[in-house]
$ cat protein.pdb   # PDB, C-alpha atoms, pLDDT in the B column
ATOM      1  CA  GLN B   8     150.062   9.175 179.755  1.00 85.00           C
ATOM      2  CA  VAL B   9     152.674  11.551 181.137  1.00 89.00           C
ATOM      3  CA  GLN B  10     151.194  14.368 183.153  1.00 96.00           C
ATOM      4  CA  LEU B  11     152.940  17.283 184.838  1.00 97.00           C
ATOM      5  CA  VAL B  12     150.911  19.534 187.122  1.00 98.00           C
ATOM      6  CA  GLU B  13     152.457  22.706 188.495  1.00 98.00           C
ATOM      7  CA  SER B  14     151.272  24.747 191.448  1.00 98.00           C
ATOM      8  CA  GLY B  15     152.530  27.370 193.865  1.00 98.00           C
ATOM      9  CA  GLY B  16     152.615  30.466 191.694  1.00 98.00           C
ATOM     10  CA  ASP B  17     151.638  33.697 193.395  1.00 98.00           C
ATOM     11  CA  SER B  18     152.206  37.440 193.583  1.00 98.00           C
ATOM     12  CA  VAL B  19     155.002  38.494 195.937  1.00 98.00           C
ATOM     13  CA  GLN B  20     157.121  41.524 196.640  1.00 98.00           C
ATOM     14  CA  ALA B  21     160.739  41.776 195.629  1.00 98.00           C
ATOM     15  CA  GLY B  22     163.007  40.012 198.095  1.00 98.00           C
ATOM     16  CA  GLY B  23     160.373  37.440 198.925  1.00 98.00           C
ATOM     17  CA  SER B  24     160.338  33.678 198.381  1.00 98.00           C
ATOM     18  CA  LEU B  25     158.114  31.139 196.676  1.00 98.00           C
ATOM     19  CA  ARG B  26     158.199  27.394 196.196  1.00 98.00           C
ATOM     20  CA  LEU B  27     156.720  25.921 193.054  1.00 98.00           C
ATOM     21  CA  SER B  28     155.701  22.269 192.846  1.00 98.00           C
ATOM     22  CA  CYS B  29     155.354  19.915 189.895  1.00 98.00           C
ATOM     23  CA  VAL B  30     153.674  16.565 190.442  1.00 98.00           C
ATOM     24  CA  ALA B  31     154.580  14.035 187.771  1.00 97.00           C
ATOM     25  CA  SER B  32     152.633  10.931 186.828  1.00 94.00           C
ATOM     26  CA  GLY B  33     152.393   8.349 184.074  1.00 89.00           C
ATOM     27  CA  TYR B  34     156.087   7.467 183.757  1.00 86.00           C
ATOM     28  CA  ALA B  35     159.168   6.356 185.660  1.00 87.00           C
ATOM     29  CA  TYR B  36     160.167   9.598 187.352  1.00 91.00           C
ATOM     30  CA  ASN B  37     163.704   8.531 188.177  1.00 92.00           C
ATOM     31  CA  ARG B  38     164.523   7.903 184.505  1.00 92.00           C
ATOM     32  CA  ASN B  39     163.932  11.476 183.481  1.00 94.00           C
ATOM     33  CA  CYS B  40     165.598  14.811 183.224  1.00 97.00           C
ATOM     34  CA  MET B  41     163.340  17.327 184.962  1.00 97.00           C
ATOM     35  CA  ALA B  42     163.462  21.070 184.536  1.00 98.00           C
ATOM     36  CA  TRP B  43     161.831  24.413 185.106  1.00 98.00           C
ATOM     37  CA  PHE B  44     161.419  26.984 182.354  1.00 98.00           C
ATOM     38  CA  ARG B  45     159.822  30.402 182.360  1.00 98.00           C
ATOM     39  CA  GLN B  46     158.328  32.677 179.762  1.00 98.00           C
ATOM     40  CA  GLU B  47     156.993  36.202 179.669  1.00 94.00           C
ATOM     41  CA  PRO B  48     154.448  37.197 177.031  1.00 89.00           C
ATOM     42  CA  GLY B  49     156.194  38.018 173.767  1.00 93.00           C
ATOM     43  CA  LYS B  50     159.571  36.743 174.949  1.00 95.00           C
ATOM     44  CA  VAL B  51     161.595  33.616 174.337  1.00 95.00           C
ATOM     45  CA  ARG B  52     161.199  30.802 176.812  1.00 96.00           C
ATOM     46  CA  GLU B  53     164.118  30.636 179.231  1.00 97.00           C
ATOM     47  CA  GLY B  54     165.522  27.607 181.001  1.00 98.00           C
ATOM     48  CA  VAL B  55     165.780  28.156 184.746  1.00 98.00           C
ATOM     49  CA  ALA B  56     167.062  24.951 186.326  1.00 98.00           C
ATOM     50  CA  SER B  57     167.279  21.230 185.656  1.00 98.00           C
ATOM     51  CA  ILE B  58     167.900  18.074 187.633  1.00 97.00           C
ATOM     52  CA  SER B  59     168.616  14.524 186.611  1.00 96.00           C
ATOM     53  CA  ALA B  60     166.008  12.719 188.679  1.00 94.00           C
ATOM     54  CA  GLY B  61     168.114   9.593 189.060  1.00 93.00           C
ATOM     55  CA  THR B  62     171.510  11.137 189.895  1.00 93.00           C
ATOM     56  CA  GLY B  63     170.473  14.472 191.392  1.00 94.00           C
ATOM     57  CA  MET B  64     172.881  16.428 189.205  1.00 95.00           C
ATOM     58  CA  THR B  65     171.647  19.986 188.718  1.00 97.00           C
ATOM     59  CA  TYR B  66     172.177  22.881 186.334  1.00 97.00           C
ATOM     60  CA  TYR B  67     171.132  26.489 186.821  1.00 98.00           C
ATOM     61  CA  ALA B  68     170.780  29.482 184.569  1.00 97.00           C
ATOM     62  CA  ASP B  69     173.189  32.282 185.451  1.00 97.00           C
ATOM     63  CA  SER B  70     170.240  34.588 186.128  1.00 96.00           C
ATOM     64  CA  VAL B  71     169.038  32.461 189.060  1.00 98.00           C
ATOM     65  CA  GLN B  72     172.282  30.913 190.329  1.00 97.00           C
ATOM     66  CA  GLY B  73     172.535  31.399 194.086  1.00 97.00           C
ATOM     67  CA  ARG B  74     168.866  32.359 194.459  1.00 98.00           C
ATOM     68  CA  PHE B  75     166.931  29.357 193.144  1.00 98.00           C
ATOM     69  CA  THR B  76     167.272  25.658 193.897  1.00 98.00           C
ATOM     70  CA  ILE B  77     165.588  22.637 192.310  1.00 98.00           C
ATOM     71  CA  PRO B  78     164.937  20.015 194.984  1.00 98.00           C
ATOM     72  CA  GLN B  79     162.847  16.925 194.383  1.00 97.00           C
ATOM     73  CA  ASP B  80     161.022  14.241 196.328  1.00 97.00           C
ATOM     74  CA  THR B  81     161.401  11.053 194.328  1.00 94.00           C
ATOM     75  CA  ASP B  82     159.058   9.143 196.641  1.00 95.00           C
ATOM     76  CA  LYS B  83     156.293  11.579 195.715  1.00 96.00           C
ATOM     77  CA  ASN B  84     157.364  12.046 192.066  1.00 96.00           C
ATOM     78  CA  THR B  85     157.438  15.746 192.796  1.00 97.00           C
ATOM     79  CA  LEU B  86     159.793  18.417 191.556  1.00 98.00           C
ATOM     80  CA  TYR B  87     160.152  21.767 193.290  1.00 98.00           C
ATOM     81  CA  LEU B  88     161.590  25.149 192.489  1.00 98.00           C
ATOM     82  CA  GLN B  89     162.614  27.062 195.577  1.00 98.00           C
ATOM     83  CA  MET B  90     162.900  30.715 194.680  1.00 98.00           C
ATOM     84  CA  ASN B  91     164.523  33.136 197.125  1.00 98.00           C
ATOM     85  CA  ASN B  92     165.353  36.824 196.888  1.00 98.00           C
ATOM     86  CA  LEU B  93     162.880  37.234 194.054  1.00 98.00           C
ATOM     87  CA  LYS B  94     163.275  40.135 191.663  1.00 98.00           C
ATOM     88  CA  PRO B  95     160.737  41.837 189.375  1.00 97.00           C
ATOM     89  CA  GLU B  96     162.561  40.321 186.385  1.00 96.00           C
ATOM     90  CA  ASP B  97     161.620  36.869 187.697  1.00 98.00           C
ATOM     91  CA  THR B  98     158.012  37.624 186.788  1.00 97.00           C
ATOM     92  CA  ALA B  99     156.860  35.005 184.269  1.00 98.00           C
ATOM     93  CA  MET B 100     154.806  31.904 183.685  1.00 98.00           C
ATOM     94  CA  TYR B 101     156.812  28.975 185.029  1.00 98.00           C
ATOM     95  CA  TYR B 102     156.627  25.568 183.380  1.00 98.00           C
ATOM     96  CA  CYS B 103     157.736  22.139 184.499  1.00 98.00           C
ATOM     97  CA  ALA B 104     159.248  19.885 181.826  1.00 98.00           C
ATOM     98  CA  ALA B 105     160.383  16.277 181.589  1.00 97.00           C
ATOM     99  CA  ASP B 106     162.448  14.255 179.155  1.00 95.00           C
ATOM    100  CA  ARG B 107     163.611  10.655 179.214  1.00 94.00           C
ATOM    101  CA  ILE B 108     167.337  10.483 179.922  1.00 93.00           C
ATOM    102  CA  TYR B 109     169.711   7.611 179.218  1.00 92.00           C
ATOM    103  CA  LEU B 110     173.041   6.552 180.688  1.00 88.00           C
ATOM    104  CA  GLY B 111     175.797   8.977 179.792  1.00 86.00           C
ATOM    105  CA  GLN B 112     173.515  11.841 178.843  1.00 91.00           C
ATOM    106  CA  ARG B 113     173.520  15.166 180.649  1.00 92.00           C
ATOM    107  CA  CYS B 114     170.372  16.761 181.952  1.00 96.00           C
ATOM    108  CA  THR B 115     170.910  20.271 180.669  1.00 94.00           C
ATOM    109  CA  LEU B 116     168.493  23.044 179.824  1.00 95.00           C
ATOM    110  CA  GLU B 117     169.377  22.720 176.138  1.00 93.00           C
ATOM    111  CA  ARG B 118     167.609  19.372 175.818  1.00 93.00           C
ATOM    112  CA  ASP B 119     164.519  19.051 173.691  1.00 93.00           C
ATOM    113  CA  PHE B 120     162.011  18.318 176.464  1.00 96.00           C
ATOM    114  CA  GLY B 121     159.105  16.180 175.384  1.00 95.00           C
ATOM    115  CA  TYR B 122     156.606  16.774 178.178  1.00 96.00           C
ATOM    116  CA  TRP B 123     155.352  20.026 179.620  1.00 97.00           C
ATOM    117  CA  GLY B 124     152.973  21.182 182.321  1.00 98.00           C
ATOM    118  CA  GLN B 125     150.348  23.867 181.958  1.00 97.00           C
ATOM    119  CA  GLY B 126     152.309  26.512 183.856  1.00 98.00           C
ATOM    120  CA  THR B 127     151.921  28.549 187.026  1.00 98.00           C
ATOM    121  CA  GLN B 128     152.200  32.353 187.176  1.00 98.00           C
ATOM    122  CA  VAL B 129     154.763  34.129 189.320  1.00 98.00           C
ATOM    123  CA  THR B 130     154.525  37.899 189.675  1.00 98.00           C
ATOM    124  CA  VAL B 131     157.116  39.888 191.594  1.00 98.00           C
ATOM    125  CA  SER B 132     156.422  43.522 192.364  1.00 97.00           C
ATOM    126  CA  SER B 133     159.024  46.126 193.288  1.00 94.00           C
TER     127      SER B 133
END
$ encode --input "protein.pdb" --output "structure tokens"
Amino acid sequence: QVQLVESGGDSVQAGGSLRLSCVASGYAYNRNCMAWFRQEPGKVREGVASISAGTGMTYYADSVQGRFTIPQDTDKNTLYLQMNNLKPEDTAMYYCAADRIYLGQRCTLERDFGYWGQGTQVTVSS
């Protein structure tokens, strides 16, 4: 079955950097739209960034544009979230998500993602 396992969350000071990882298994990685979401307790889940695993096309939320990137290693079926210049408002649980994508579809954060990881906590202190 599809499995997504995140890691890399930590506590850092504002201005610092972190790289999250998501190892995917149980499906054809390159045929999926992959994404990172985040959620604080009591708040709505927010899409952060997405990448079409096959084409490499990316989308970013305005709140992270220019600070975060979403690289991937397709040989290792691994998705990353490189987070630079972190701010206290980036504090959240970060989740990896996957969804099968077909020719002509866009890999945007508005998709209804079918598979989710368990999350990894990022805490940014001022």
$ resolve_selection --input "protein.pdb" --expression "the PyMOL selection byres ((chain B and resi 64) around 12)" --output "list in words"
Asn39, Cys40, Met41, Ala42, Ala56, Ser57, Ile58, Ser59, Ala60, Gly61, Thr62, Gly63, Thr65, Tyr66, Tyr67, Thr76, Ile77, Pro78, Gln79, Gln112, Arg113, Cys114 and Thr115 of chain B
$ write_last_selection --input "protein.pdb" --atoms "C-alpha atoms" --output "PDB file, in the frame of the given file"
ATOM      1  CA  ASN B  39     163.932  11.476 183.481  1.00 94.00           C
ATOM      2  CA  CYS B  40     165.598  14.811 183.224  1.00 97.00           C
ATOM      3  CA  MET B  41     163.340  17.327 184.962  1.00 97.00           C
ATOM      4  CA  ALA B  42     163.462  21.070 184.536  1.00 98.00           C
ATOM      5  CA  ALA B  56     167.062  24.951 186.326  1.00 98.00           C
ATOM      6  CA  SER B  57     167.279  21.230 185.656  1.00 98.00           C
ATOM      7  CA  ILE B  58     167.900  18.074 187.633  1.00 97.00           C
ATOM      8  CA  SER B  59     168.616  14.524 186.611  1.00 96.00           C
ATOM      9  CA  ALA B  60     166.008  12.719 188.679  1.00 94.00           C
ATOM     10  CA  GLY B  61     168.114   9.593 189.060  1.00 93.00           C
ATOM     11  CA  THR B  62     171.510  11.137 189.895  1.00 93.00           C
ATOM     12  CA  GLY B  63     170.473  14.472 191.392  1.00 94.00           C
ATOM     13  CA  THR B  65     171.647  19.986 188.718  1.00 97.00           C
ATOM     14  CA  TYR B  66     172.177  22.881 186.334  1.00 97.00           C
ATOM     15  CA  TYR B  67     171.132  26.489 186.821  1.00 98.00           C
ATOM     16  CA  THR B  76     167.272  25.658 193.897  1.00 98.00           C
ATOM     17  CA  ILE B  77     165.588  22.637 192.310  1.00 98.00           C
ATOM     18  CA  PRO B  78     164.937  20.015 194.984  1.00 98.00           C
ATOM     19  CA  GLN B  79     162.847  16.925 194.383  1.00 97.00           C
ATOM     20  CA  GLN B 112     173.515  11.841 178.843  1.00 91.00           C
ATOM     21  CA  ARG B 113     173.520  15.166 180.649  1.00 92.00           C
ATOM     22  CA  CYS B 114     170.372  16.761 181.952  1.00 96.00           C
ATOM     23  CA  THR B 115     170.910  20.271 180.669  1.00 94.00           C
TER      24      THR B 115
END
$ atom_distance --input "protein.pdb" --atom1 "CA of Val19 in chain B" --atom2 "CA of Tyr102 in chain B"
18.1 Å
$ closest_residue --input "protein.pdb" --among "B:Tyr101, B:Asn92, B:Ser132, B:Gly16" --to "Pro48 in chain B" --atoms "all atoms listed in the file"
B:Tyr101
$ resolve_selection --input "protein.pdb" --expression "the PyMOL selection byres ((chain B and resi 133) around 10)" --output "PyMOL selection string"
chain B and resi 19-22+93-96+131-132
$ atom_distance --input "protein.pdb" --atom1 "CA of Asn91 in chain B" --atom2 "CA of Arg74 in chain B"
5.2 Å
$ decode --input "protein.pdb" --residues "range 99-114 of chain B" --atoms "all heavy atoms" --output "compact mmCIF listing (two decimals), in the first residue's frame"
# COMPACT_ATOMS: atom_id res chain seq x y z
N ALA B 99 4.41 24.75 12.63
CA ALA B 99 3.26 23.91 12.31
C ALA B 99 3.70 22.46 12.21
O ALA B 99 4.90 22.17 12.18
CB ALA B 99 2.63 24.33 10.98
N MET B 100 2.72 21.58 12.12
CA MET B 100 2.98 20.20 11.73
C MET B 100 2.97 20.17 10.21
O MET B 100 2.03 20.68 9.60
CB MET B 100 1.92 19.27 12.29
CG MET B 100 2.17 17.80 12.01
SD MET B 100 3.51 17.14 13.00
CE MET B 100 2.64 16.89 14.55
N TYR B 101 3.99 19.59 9.63
CA TYR B 101 4.11 19.54 8.17
C TYR B 101 3.82 18.12 7.68
O TYR B 101 4.36 17.14 8.22
CB TYR B 101 5.51 19.97 7.74
CG TYR B 101 5.69 21.46 7.78
CD1 TYR B 101 5.77 22.15 8.99
CD2 TYR B 101 5.76 22.21 6.60
CE1 TYR B 101 5.91 23.52 9.04
CE2 TYR B 101 5.91 23.58 6.64
CZ TYR B 101 5.99 24.23 7.86
OH TYR B 101 6.12 25.60 7.89
N TYR B 102 2.98 18.04 6.65
CA TYR B 102 2.54 16.77 6.11
C TYR B 102 2.92 16.65 4.64
O TYR B 102 2.78 17.61 3.88
CB TYR B 102 1.03 16.61 6.24
CG TYR B 102 0.52 16.62 7.65
CD1 TYR B 102 0.13 17.79 8.26
CD2 TYR B 102 0.41 15.42 8.38
CE1 TYR B 102 -0.34 17.81 9.56
CE2 TYR B 102 -0.06 15.43 9.68
CZ TYR B 102 -0.44 16.61 10.26
OH TYR B 102 -0.92 16.62 11.55
N CYS B 103 3.33 15.47 4.27
CA CYS B 103 3.56 15.12 2.88
C CYS B 103 2.28 14.49 2.33
O CYS B 103 1.60 13.73 3.06
CB CYS B 103 4.73 14.12 2.83
SG CYS B 103 5.10 13.42 1.22
N ALA B 104 1.96 14.78 1.07
CA ALA B 104 0.75 14.23 0.46
C ALA B 104 1.04 13.81 -0.97
O ALA B 104 1.93 14.37 -1.63
CB ALA B 104 -0.37 15.27 0.48
N ALA B 105 0.26 12.84 -1.44
CA ALA B 105 0.43 12.34 -2.81
C ALA B 105 -0.93 12.10 -3.44
O ALA B 105 -1.90 11.78 -2.76
CB ALA B 105 1.24 11.04 -2.80
N ASP B 106 -0.98 12.27 -4.75
CA ASP B 106 -2.22 12.02 -5.49
C ASP B 106 -1.86 11.65 -6.92
O ASP B 106 -1.06 12.34 -7.55
CB ASP B 106 -3.10 13.26 -5.44
CG ASP B 106 -4.47 12.99 -6.02
OD1 ASP B 106 -5.11 12.01 -5.58
OD2 ASP B 106 -4.91 13.73 -6.91
N ARG B 107 -2.48 10.61 -7.42
CA ARG B 107 -2.25 10.18 -8.79
C ARG B 107 -2.62 11.31 -9.74
O ARG B 107 -3.69 11.91 -9.61
CB ARG B 107 -3.10 8.95 -9.08
CG ARG B 107 -2.91 8.35 -10.46
CD ARG B 107 -1.60 7.62 -10.61
NE ARG B 107 -1.61 6.76 -11.79
CZ ARG B 107 -1.29 7.17 -13.00
NH1 ARG B 107 -0.97 8.44 -13.21
NH2 ARG B 107 -1.34 6.33 -14.01
N ILE B 108 -1.75 11.58 -10.72
CA ILE B 108 -2.01 12.64 -11.68
C ILE B 108 -1.97 12.07 -13.08
O ILE B 108 -1.15 11.19 -13.38
CB ILE B 108 -1.00 13.80 -11.48
CG1 ILE B 108 -1.44 15.03 -12.25
CG2 ILE B 108 0.41 13.36 -11.87
CD1 ILE B 108 -0.66 16.29 -11.90
N TYR B 109 -2.85 12.58 -13.94
CA TYR B 109 -2.97 12.08 -15.30
C TYR B 109 -2.61 13.17 -16.29
O TYR B 109 -2.59 14.37 -15.96
CB TYR B 109 -4.38 11.56 -15.54
CG TYR B 109 -4.73 10.40 -14.64
CD1 TYR B 109 -5.32 10.61 -13.39
CD2 TYR B 109 -4.43 9.09 -15.02
CE1 TYR B 109 -5.61 9.54 -12.56
CE2 TYR B 109 -4.72 8.02 -14.18
CZ TYR B 109 -5.31 8.25 -12.96
OH TYR B 109 -5.59 7.20 -12.13
N LEU B 110 -2.33 12.77 -17.52
CA LEU B 110 -1.91 13.69 -18.56
C LEU B 110 -2.89 14.85 -18.68
O LEU B 110 -4.09 14.64 -18.74
CB LEU B 110 -1.80 12.94 -19.89
CG LEU B 110 -1.22 13.72 -21.06
CD1 LEU B 110 0.25 14.04 -20.78
CD2 LEU B 110 -1.35 12.91 -22.36
N GLY B 111 -2.35 16.06 -18.69
CA GLY B 111 -3.18 17.24 -18.84
C GLY B 111 -3.63 17.86 -17.54
O GLY B 111 -4.12 18.99 -17.53
N GLN B 112 -3.47 17.15 -16.44
CA GLN B 112 -3.88 17.70 -15.15
C GLN B 112 -2.74 18.54 -14.56
O GLN B 112 -1.57 18.29 -14.83
CB GLN B 112 -4.24 16.58 -14.18
CG GLN B 112 -5.49 15.82 -14.57
CD GLN B 112 -5.84 14.76 -13.55
OE1 GLN B 112 -5.00 14.27 -12.81
NE2 GLN B 112 -7.12 14.41 -13.49
N ARG B 113 -3.12 19.49 -13.73
CA ARG B 113 -2.13 20.31 -13.03
C ARG B 113 -1.98 19.84 -11.60
O ARG B 113 -2.96 19.49 -10.94
CB ARG B 113 -2.54 21.78 -13.07
CG ARG B 113 -2.53 22.40 -14.45
CD ARG B 113 -2.61 23.91 -14.35
NE ARG B 113 -3.77 24.35 -13.60
CZ ARG B 113 -3.90 25.55 -13.06
NH1 ARG B 113 -2.93 26.43 -13.18
NH2 ARG B 113 -4.98 25.88 -12.39
N CYS B 114 -0.77 19.89 -11.13
CA CYS B 114 -0.47 19.48 -9.77
C CYS B 114 -0.52 20.70 -8.87
O CYS B 114 0.51 21.28 -8.52
CB CYS B 114 0.91 18.81 -9.71
SG CYS B 114 1.46 18.36 -8.05
